[in-house]
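Chemist: Got a structure here, written out as structure tokens. Questions coming.
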Amino acid sequence: MNTATFSLATVAPAIPEIALLACVSALLLVDLFVPDREKHLSFWLAIASLAGTAVLAGATVGNATAVTFHGMFVSDPMSQVLKVAALGASAVTLVYGRLYLEARSLLRGEFLSLALFATLGMMVMISAHHFLTLYLGLELLALSLYAMVALQRDSARATEAAMKYFVLGALASGMLLYGLSMLYGATGSLDIARVAASLGGAGASQTLAVFGVVFVVAGIAFKLGAVPFHMWIPDVYHGAATPATLFIGAAPKIAAFAFVIRLLAQALGGLDHDWQAMLALLAAASIGLGNLVAIAQTNLKRMLAYSTISHMGFLLMGLAAGTTNGYASAMFYVLTYVLMTLGAFGMILLLSRAGFEAEELEDFRGLNRKSRWYAFVMLVVVFSLAGIPPAVGFLAKLAVLQAAFEAGFGWLVVFAVLMSVVGAFYYLRLVKLMYMDEPAGEITIAPRADARVLLSANALAVLALGIVPAPLMDLCARAITASL
Amino acid sequence: MTPVLADFLASGTILLASALLVITARNPVHAALWLVLAFFSASCLWLLAYAEFLAVALVLVYVGAVMVLFLFVVMMLDINFERLRQGMWRNLPVALAVGGLMALQMFLVLGTGEFGAGQVVAPPAPAPGYSNTRELGLLLYTDYVYPFELAAVVLLVAIVAAIALTLRPRKASRYQDPAVQLAATKATRLRVLKVPPAAAPAPAEAPPAGEAPR
């Protein structure tokens, strides 16, 4: 007979999640009484919710691993770090996007509360210790994101993007669920620890489990946007309003990393020989296609979409290594990648204004003449995305390549380095446009001081981490070692 | 053949046949009715798997509520279903060929004996006096309380998203505002006219429109 008891100790590890849920419920109610002209109140309430939750989540950092809610929820060093990062990335996204949203009258309570719900979904995914919670967190995140893209109803492009995102996302969820159900059939449990124990033992049906792994990997690849499951990424990145694009492109990648670690490394660690090869192939295809197709793009958002595909390839490469070192490198990669993405889309948002989207490469032509500082900010971010030292992107790539090489994926490392050289072309083309060409049109920098200061700090962080990477690398290594 | 297997085969056959009729029926109302039969057969399958509560819930929720709503929508929408189905017969051979190929491939993989009921541990037979509903309730509100709450949050997001995507405040629409109606006082609605007690037998002017009844 099941007699679970609930006490404060049971609930304590989940206090950040509970606080965020309470905040978003309060925001939904408060927003009804805020007149349209005063929407900045709702905005600051959302920022305060994220910041407060980040403080609560930060207070848990360093706690010992705790599993609660009958094995549904885990608070381990990895989840504690990733939660703070995801909350921070969501808050920065909202600050960058504020003016853009205001100018298009999208800064409504619905957008803000959906953003908070999405963040809650990420936290649930990061802390999941059961396939059911993993899946529910994913759906919470995905449903909120579909709606955030579709919220711009008067734009045909946004509606089309939302439709594609929804249909392909639902298909991916179906694949994932199918795979999970096979794993349940093979192991008789959905609990991550018990699945891992069962796969290690002799009782489980290995063939059925491997069959499930194939579907699970396909579902993961869909969600990450790895080739050949990448078709939705360019259209969604291009079609969605830029703040929604940034929201999809930044914080959810952290949750996706945790998702892969929980599923493949923790639950299916016993079958690593089966999924390592699949991840390596996905990584090679993503790095190749992402870099090659990005060259042909003239739209910056589409170019960054293909760049995302290749970066997800690098992430998968670190995970494919299947070693603690590989997971730690992948964690470092995803955290720094989110920082770079925030910077890149932050610049697009900085140059956008009412009725003008600074999303074509041409819009950045001659930026150096207008503002030396913001041209430098973009330079740092682009160098980092390309993997040119001293920006942090170089070290992140190096760590992942090293881990993959040690795991015996020499061919993949050579291919990835070659493709990075190809990829440097389209990043450097942007630098050339900014520094060596005359401005074509008018460039205005509209946002308020908070967004500008944050963007500058963002670029400086990309640079500083490239020069002093040890603390963050240490943090990732310790978190992964303590959690696996 | 055991009675359970016979039940399974009968329900399964009816389920597949009705599902096929859902997509081939010309009349959308008939398709919806076939879908009801499909749901009902599925709930019979669940009953065979000892999931009594889920079987009853499927009938109550899907057949009783969702399908009725669905029928309403189908009847109210003016969709030319014939046009949607255009090209079906033209594309059918290709679809059948692809589907047949996929079925063959699945048979080759699944027929190896690596899959099937033999690979999965059979659930233990229920003890006498076992109540499916009671066990489900106990689990749902104790061990599974966290996912249960999460499912509630997912539904909340669905509500917020559905309202945000469909509600478009239209300025031209006329509606009653109960707050204004309740705040109305005598002074705003009632005008007392001083009518001089004239001897003239002529009737007083008709009160202006909107006057409170006397």
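Just so we're on the same page: first chain in the structure tokens is A, next is B, and so on; residues restart at 1 for each chain, and ligands are numbered from 1 in the order they show up.
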At a cut-off of 6 Å, can you tabulate as JSON lines every residue of chain A near chain B together with its closest atom pair and the distance in Å to one decimal, using only C-alpha atoms and ordering rows by chain then number?
Modeler:
```
{"residue": "A:Ala4", "atom": "CA", "partner": "B:Thr142", "partner_atom": "CA", "distance": 5.5}
{"residue": "A:His70", "atom": "CA", "partner": "B:Asp143", "partner_atom": "CA", "distance": 5.4}
{"residue": "A:Thr133", "atom": "CA", "partner": "B:Pro147", "partner_atom": "CA", "distance": 5.7}
{"residue": "A:Leu140", "atom": "CA", "partner": "B:Val154", "partner_atom": "CA", "distance": 5.3}
{"residue": "A:Ala147", "atom": "CA", "partner": "B:Ala161", "partner_atom": "CA", "distance": 5.7}
{"residue": "A:Gly185", "atom": "CA", "partner": "B:Val120", "partner_atom": "CA", "distance": 5.9}
```
Chemist: Skip Met67 of chain B itself and residues of its chain fewer than 2 positions away, then list as a PyMOL selection string all residues within 12 Å of it, counting only C-alpha atoms.
Modeler: chain B and resi 29-40+58-65+69-74
Chemist: Might you pull out every residue within 7 Å of segment 193-198 of chain A, with only C-alpha atoms counted and same-chain residues fewer than 2 positions away left off, and present them as number ranges by chain?
Modeler: A: 187, 189-191, 200-201, 203-204, 266-270
Chemist: Just the selected residues (all heavy atoms), exported as a compact mmCIF listing (two decimals), in the first residue's frame, please.
Modeler:
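Saved the output as again-v6.txt:
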```txt
# COMPACT_ATOMS: atom_id res chain seq x y z
N THR A 187 12.08 -2.37 -19.36
CA THR A 187 12.65 -2.31 -18.01
C THR A 187 11.60 -2.36 -16.91
O THR A 187 11.93 -2.60 -15.75
CB THR A 187 13.45 -1.01 -17.82
OG1 THR A 187 12.54 0.09 -17.98
CG2 THR A 187 14.56 -0.89 -18.83
N SER A 189 9.95 0.13 -15.67
CA SER A 189 9.93 1.30 -14.80
C SER A 189 10.15 2.56 -15.63
O SER A 189 10.68 2.52 -16.74
CB SER A 189 11.01 1.19 -13.74
OG SER A 189 11.00 2.35 -12.95
N LEU A 190 9.69 3.69 -15.07
CA LEU A 190 9.94 4.98 -15.70
C LEU A 190 10.91 5.80 -14.88
O LEU A 190 11.31 6.89 -15.28
CB LEU A 190 8.62 5.75 -15.86
CG LEU A 190 7.65 5.23 -16.91
CD1 LEU A 190 6.33 5.96 -16.81
CD2 LEU A 190 8.21 5.40 -18.30
N ASP A 191 11.26 5.31 -13.71
CA ASP A 191 12.17 6.01 -12.82
C ASP A 191 13.59 5.91 -13.37
O ASP A 191 14.05 4.81 -13.70
CB ASP A 191 12.07 5.37 -11.43
CG ASP A 191 12.88 6.12 -10.40
OD1 ASP A 191 14.12 6.15 -10.53
OD2 ASP A 191 12.27 6.67 -9.49
N GLY A 200 21.30 -2.40 -16.51
CA GLY A 200 22.58 -2.99 -16.12
C GLY A 200 22.43 -4.47 -15.80
O GLY A 200 23.36 -5.25 -15.99
N GLY A 201 21.23 -4.86 -15.34
CA GLY A 201 21.01 -6.25 -14.95
C GLY A 201 20.71 -7.12 -16.15
O GLY A 201 20.80 -6.70 -17.30
N GLY A 203 17.75 -8.86 -16.54
CA GLY A 203 16.33 -9.10 -16.74
C GLY A 203 15.73 -8.35 -17.93
O GLY A 203 14.73 -8.77 -18.48
N ALA A 204 16.36 -7.27 -18.33
CA ALA A 204 15.72 -6.41 -19.33
C ALA A 204 15.94 -6.96 -20.73
O ALA A 204 16.94 -7.59 -21.03
CB ALA A 204 16.31 -5.01 -19.23
N GLN A 266 22.20 9.23 -17.82
CA GLN A 266 21.81 8.66 -16.53
C GLN A 266 20.95 7.41 -16.69
O GLN A 266 21.25 6.38 -16.10
CB GLN A 266 21.09 9.71 -15.69
CG GLN A 266 22.04 10.79 -15.21
CD GLN A 266 21.42 11.71 -14.20
OE1 GLN A 266 20.22 11.98 -14.26
NE2 GLN A 266 22.22 12.24 -13.30
N ALA A 267 19.86 7.52 -17.51
CA ALA A 267 18.96 6.38 -17.59
C ALA A 267 19.52 5.29 -18.51
O ALA A 267 19.47 4.11 -18.18
CB ALA A 267 17.59 6.83 -18.08
N LEU A 268 20.06 5.70 -19.66
CA LEU A 268 20.47 4.72 -20.66
C LEU A 268 21.97 4.59 -20.74
O LEU A 268 22.52 4.22 -21.78
CB LEU A 268 19.90 5.12 -22.03
CG LEU A 268 18.39 5.31 -22.04
CD1 LEU A 268 17.92 5.84 -23.36
CD2 LEU A 268 17.69 3.99 -21.72
N GLY A 269 22.65 4.92 -19.64
CA GLY A 269 24.11 4.82 -19.63
C GLY A 269 24.61 3.43 -19.98
O GLY A 269 25.68 3.27 -20.56
N GLY A 270 23.79 2.41 -19.68
CA GLY A 270 24.20 1.05 -19.98
C GLY A 270 24.24 0.73 -21.46
O GLY A 270 24.86 -0.23 -21.89
```
Chemist: One number please: atom CA of Leu208 of chain A to atom CA of Ala17 of chain B, in Å, one decimal.
Modeler: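 Spanning atom CA of Leu208 of chain A to atom CA of Ala17 of chain B is a straight-line distance of 28.8 Å.
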Chemist: Name the residues of segment 124-259 of chain A that fall into alpha helix (DSSP H) according to DSSP on the backbone, using the chain letters and numbers of this document, as number ranges by chain.
Modeler: A: 124-126, 131-150, 156-187, 192-200, 206-224, 232-239, 242-249, 251-259
Chemist: Nearest to Lys370 of chain A among A:Leu351, A:Ala330, A:Leu428, A:Met125, with distances taken over only C-alpha atoms: which residue is it?
Modeler: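 Of A:Leu351, A:Ala330, A:Leu428, A:Met125, the one nearest Lys370 of chain A, counting only C-alpha atoms, is A:Leu351.
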Chemist: Tell me which of A:Leu199, A:Met123, A:Leu484, A:Ile233 sits closest to Gly169 of chain A, counting only C-alpha atoms.
Modeler: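 Of all the options, A:Ile233 lies closest to Gly169 of chain A.
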Chemist: Just want the 8 Å neighbourhood of Gly58 of chain A, counted on only C-alpha atoms, with same-chain residues fewer than 6 positions away dropped. Output as a list of chain:residue names.
Modeler: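 What passes the distance filter is A:Gln80, A:Val81, A:Val84.
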Chemist: I need the residue nearest Leu143 of chain A from this list: A:Thr119, A:Ser42, A:Ser75, A:Thr65. Use only C-alpha atoms for the distance.
Modeler: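 Ranked by minimum distance to Leu143 of chain A, first place goes to A:Thr119.
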Chemist: Counting only C-alpha atoms, what is within 6 Å of Ala150 of chain A, bar same-chain residues fewer than 2 positions away, as number ranges by chain?
Modeler: A: 147-148, 152, 159, 162
Chemist: Selected residues, all heavy atoms, written as a PDB file, in the first residue's frame, please.
Modeler:
```
ATOM      1  N   ALA A 147       2.937  28.950 -28.324  1.00  0.00           N
ATOM      2  CA  ALA A 147       2.007  30.069 -28.157  1.00  0.00           C
ATOM      3  C   ALA A 147       2.757  31.397 -28.259  1.00  0.00           C
ATOM      4  O   ALA A 147       2.227  32.366 -28.819  1.00  0.00           O
ATOM      5  CB  ALA A 147       1.295  29.957 -26.820  1.00  0.00           C
ATOM      6  N   MET A 148       3.989  31.456 -27.746  1.00  0.00           N
ATOM      7  CA  MET A 148       4.737  32.719 -27.818  1.00  0.00           C
ATOM      8  C   MET A 148       5.020  33.093 -29.270  1.00  0.00           C
ATOM      9  O   MET A 148       5.006  34.268 -29.629  1.00  0.00           O
ATOM     10  CB  MET A 148       6.055  32.589 -27.047  1.00  0.00           C
ATOM     11  CG  MET A 148       5.879  32.758 -25.558  1.00  0.00           C
ATOM     12  SD  MET A 148       7.353  32.311 -24.655  1.00  0.00           S
ATOM     13  CE  MET A 148       8.333  33.769 -24.853  1.00  0.00           C
ATOM     14  N   GLN A 152       1.941  36.726 -32.210  1.00  0.00           N
ATOM     15  CA  GLN A 152       1.944  37.832 -33.179  1.00  0.00           C
ATOM     16  C   GLN A 152       0.987  37.459 -34.305  1.00  0.00           C
ATOM     17  O   GLN A 152       1.408  37.077 -35.398  1.00  0.00           O
ATOM     18  CB  GLN A 152       3.366  38.012 -33.717  1.00  0.00           C
ATOM     19  CG  GLN A 152       3.628  39.380 -34.288  1.00  0.00           C
ATOM     20  CD  GLN A 152       5.047  39.485 -34.817  1.00  0.00           C
ATOM     21  OE1 GLN A 152       5.743  38.493 -34.961  1.00  0.00           O
ATOM     22  NE2 GLN A 152       5.473  40.690 -35.102  1.00  0.00           N
ATOM     23  N   THR A 159       2.662  33.243 -37.947  1.00  0.00           N
ATOM     24  CA  THR A 159       1.655  32.194 -37.854  1.00  0.00           C
ATOM     25  C   THR A 159       2.150  30.922 -38.522  1.00  0.00           C
ATOM     26  O   THR A 159       1.976  29.809 -37.999  1.00  0.00           O
ATOM     27  CB  THR A 159       0.348  32.668 -38.505  1.00  0.00           C
ATOM     28  OG1 THR A 159       0.064  33.966 -38.014  1.00  0.00           O
ATOM     29  CG2 THR A 159      -0.786  31.752 -38.175  1.00  0.00           C
ATOM     30  N   ALA A 162       4.706  29.317 -36.340  1.00  0.00           N
ATOM     31  CA  ALA A 162       4.099  28.660 -35.180  1.00  0.00           C
ATOM     32  C   ALA A 162       3.489  27.328 -35.594  1.00  0.00           C
ATOM     33  O   ALA A 162       3.593  26.320 -34.883  1.00  0.00           O
ATOM     34  CB  ALA A 162       3.040  29.560 -34.567  1.00  0.00           C
TER      35      ALA A 162
END
```
Chemist: Measure the distance from atom CA of Val431 of chain A to atom CA of Gly387 of chain A in Å and round it to one decimal.
Modeler: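 These atoms are spaced 13.9 Å apart.
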Chemist: Have a look at A:Ser352, A:Asn299, A:Ser79, A:Ser420 and name the one nearest to Ile287 of chain A; count only C-alpha atoms.
Modeler: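 Nearest candidate to Ile287 of chain A out of A:Ser352, A:Asn299, A:Ser79, A:Ser420: A:Ser420.
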